Amino acid sequence: MATGTVVVLGGTGFLGRHACAAFATAGADVVAVSRRPGPAPDRSGGPAPDTARRVPLDLLCADTASLARLCAGADTVVNAAGAVWGGTEQEMADANTHLVERLVRTLTELPGRPRLVHLGSAYEYGPAAPGAVTDEDHPAAPNTPYGRTKLAGTQAVLRAATEGDIDAVVLRISMACGPGAPPSSLPGTVAAHLAAGRAEIRLAPLHAHRDPVDVRDVAAAAVAAASAPAGGPATGRVINVGSGRAVPVRELVDLLIALGGRPLRVVEEAAARGTRSDAPWLCLDVARARRLLRWTPRRSLEESLADFLTAAGATPNRPRPTRQPHPHREGRT
């Protein structure tokens with residue numbers, strides 16, 4: 001349930017901070033768990049000091065007994081922890097797979113049954129054909145360590161839910177953007193160059209299409225998943241969370257530069273293979289989220305990027321208020 005006690009693992013990270021804020025707004029008693037207490041809340045959209053209790057715990061080293069003490073009495077557990085960029089395959093396996101397996105064992109053994117909302121990744125699907133809209137029945141065949149380790153964590157959750165051992169929903173998230181995006185992300189890299197007043201930025205070839213969704217809309221989906229009836233149609237299911245439209249990455253970069261209001265020449269050059277995905281196309285079908293969670297993305301890409309720049313300390317050229325564009329390819333409804 002969205003109210004009661006909500007434990008957010010990875011509660012000071014990008015997704016976790018916004019999840020904490022959304023659950024606090026819904027009236028929950030929020031416990032934010034992470035290895036470090038985290039920076040003081042700021043304009044990035046994280047929870048105010050009085051909206052979440054901070055519990056420092058190294059989740060990668062935490063055994064099931066420690067996790068049990070943490071989750072005992074919780075109504076909802078949100079797993080926003082994980083490793084993305086810059087880690088080795090073993091580090092990704094530890095954070096994205098082994099931690100999830102321990103968490104599942106812990107929840108199985110608890111006398112109560114909190115709802116687990118597991119934040120998965122669209123990169124679990126692996127490459128999609130250009131123009132395709134990927135729904136939840138698409139076979140998962142990731143070709144990167146990140147995708148494989150995230151998929152293994154999701155599979156552990158789904159197995160336990162199918163067997164009736166836990167009450168869980170998996171949200172498979174596309175490219176999250178918005179306030180507080182990490183400096184290592186593409187928007188973070190562009191924003192840093194804009195803030196420094198640089199004339200040029202060198203990036204890997206921007207040929208891909210991605211499905212960007214605002215991180216606050218992702219947090220709203222987590223609240224909706226926590227609120228779905230136990231044993232209802234959402235239980236034990238994978239649910240896509242995205243905008244439902246594919247955006248050229250070059251268009252995203254150009255929009256961010258335009259919002260930044262400073263000239264910045266983009267130079268595309270060959271680079272090392274990425275650690276997340278080499279897939280040229282990502283577009284998610286979000287019909288299941290609308291149907292089972294009554295969720296739909298609310299924020300346009302322009303609003304998301306403008307709020308990101310504001311949170312980063314810039315003064316963006318604000319677009320006129322617009323509604324979220326209707327997805328050009330929605331898939332099945």
# chains A, B, ... in the order shown; residues from 1 in each chain; ligands from 1
$ select_by_dssp --residues "segment 95-199 of chain A" --states "alpha helix (DSSP H)" --output "ChimeraX atom specification"
/A:99-109,145-162,186-195
$ select_by_dssp --residues "segment 75-157 of chain A" --states "strand (DSSP E or B)" --output "list in words"
Thr76, Val77, Val78, Asn79, Arg115, Leu116, Val117, His118, Leu119, Gly120, Ser121 and Thr134 of chain A
$ closest_atom_pairs --of "segment 259-309 of chain A" --to "segment 227-231 of chain A" --cutoff "10 Å" --atoms "only C-alpha atoms" --output "CSV"
residue,atom,partner,partner_atom,distance
A:Leu292,CA,A:Ala228,CA,7.9
A:Leu293,CA,A:Ala228,CA,6.6
A:Arg294,CA,A:Ala228,CA,9.5
$ closest_residue --among "A:Gly87, A:Pro205, A:Gly236, A:Pro179" --to "Glu163 of chain A" --atoms "only C-alpha atoms"
A:Gly236
$ residues_around --residues "Glu268 of chain A" --least-positions-apart "4" --cutoff "7 Å" --atoms "only C-alpha atoms" --output "list in words"
Arg202, Leu203, Ala204, Pro205 and Leu206 of chain A
$ closest_residue --among "A:Arg237, A:Arg250, A:His207, A:Lys150" --to "Pro187 of chain A" --atoms "only C-alpha atoms"
A:Arg250
$ closest_residue --among "A:Arg318, A:Arg265, A:Arg216, A:Arg288" --to "Arg172 of chain A" --atoms "only C-alpha atoms"
A:Arg288
$ residues_around --residues "segment 15-18 of chain A" --least-positions-apart "3" --cutoff "8 Å" --atoms "only C-alpha atoms" --output "mmCIF file with C-alpha atoms, in the first residue's frame"
data_model
loop_
_atom_site.group_PDB
_atom_site.id
_atom_site.type_symbol
_atom_site.label_atom_id
_atom_site.label_comp_id
_atom_site.auth_asym_id
_atom_site.auth_seq_id
_atom_site.Cartn_x
_atom_site.Cartn_y
_atom_site.Cartn_z
ATOM 1 C CA VAL A 8 13.121 2.364 -0.052
ATOM 2 C CA LEU A 9 16.381 0.528 -0.748
ATOM 3 C CA GLY A 10 18.777 2.847 -2.536
ATOM 4 C CA GLY A 11 16.789 5.733 -1.110
ATOM 5 C CA THR A 12 19.406 8.424 -1.751
ATOM 6 C CA ALA A 21 9.368 12.059 -2.112
ATOM 7 C CA ALA A 22 6.378 10.520 -3.897
ATOM 8 C CA ALA A 32 15.395 5.700 2.984
ATOM 9 C CA GLY A 45 13.629 16.820 -5.958
ATOM 10 C CA GLY A 46 14.643 14.532 -3.099
ATOM 11 C CA PRO A 47 12.659 14.344 0.122
ATOM 12 C CA ALA A 80 15.691 1.162 -6.133
ATOM 13 C CA ALA A 81 19.203 -0.108 -5.431
ATOM 14 C CA VAL A 215 11.862 10.338 -12.959
ATOM 15 C CA ARG A 216 8.885 11.835 -11.090
ATOM 16 C CA VAL A 218 8.593 6.764 -12.515
ATOM 17 C CA ALA A 219 8.102 7.524 -8.809
#
$ residues_around --residues "Leu171 of chain A" --least-positions-apart "6" --cutoff "6 Å" --atoms "only C-alpha atoms" --output "PyMOL selection string"
chain A and resi 119-120+238-240
$ residues_around --residues "Val100 of chain A" --least-positions-apart "5" --cutoff "9 Å" --atoms "only C-alpha atoms" --output "list in words"
Asn79, Asp94, Ala95, Arg105, His118, Ala152, Gly153, Thr154, Ala156 and Val157 of chain A
$ residues_around --residues "Ala191 of chain A" --least-positions-apart "4" --cutoff "8 Å" --atoms "only C-alpha atoms" --output "compact mmCIF listing (two decimals) with all heavy atoms, in the first residue's frame"
# COMPACT_ATOMS: atom_id res chain seq x y z
N PRO A 187 22.44 13.59 -20.07
CA PRO A 187 22.05 14.96 -19.71
C PRO A 187 23.03 15.61 -18.74
O PRO A 187 23.31 16.80 -18.85
CB PRO A 187 20.67 14.78 -19.07
CG PRO A 187 20.14 13.53 -19.68
CD PRO A 187 21.34 12.63 -19.84
N ALA A 195 27.32 24.49 -18.17
CA ALA A 195 27.64 25.28 -16.97
C ALA A 195 29.06 25.83 -17.02
O ALA A 195 29.32 26.94 -16.53
CB ALA A 195 27.45 24.42 -15.72
N LEU A 256 18.28 19.93 -25.03
CA LEU A 256 18.92 20.33 -23.79
C LEU A 256 19.80 21.56 -24.00
O LEU A 256 19.81 22.50 -23.19
CB LEU A 256 19.74 19.17 -23.23
CG LEU A 256 20.29 19.30 -21.81
CD1 LEU A 256 19.18 19.58 -20.81
CD2 LEU A 256 21.03 18.03 -21.42
N GLY A 260 19.35 25.27 -22.49
CA GLY A 260 20.45 25.88 -21.75
C GLY A 260 20.78 27.29 -22.19
O GLY A 260 21.38 28.06 -21.43
N LEU A 309 17.73 21.15 -15.63
CA LEU A 309 18.68 22.26 -15.65
C LEU A 309 18.48 23.17 -14.44
O LEU A 309 19.46 23.65 -13.85
CB LEU A 309 18.52 23.06 -16.94
CG LEU A 309 19.01 22.37 -18.22
CD1 LEU A 309 18.65 23.19 -19.44
CD2 LEU A 309 20.53 22.14 -18.16
N ALA A 312 20.06 21.64 -11.54
CA ALA A 312 21.52 21.68 -11.65
C ALA A 312 22.07 23.08 -11.44
O ALA A 312 23.28 23.28 -11.53
CB ALA A 312 21.94 21.15 -13.01
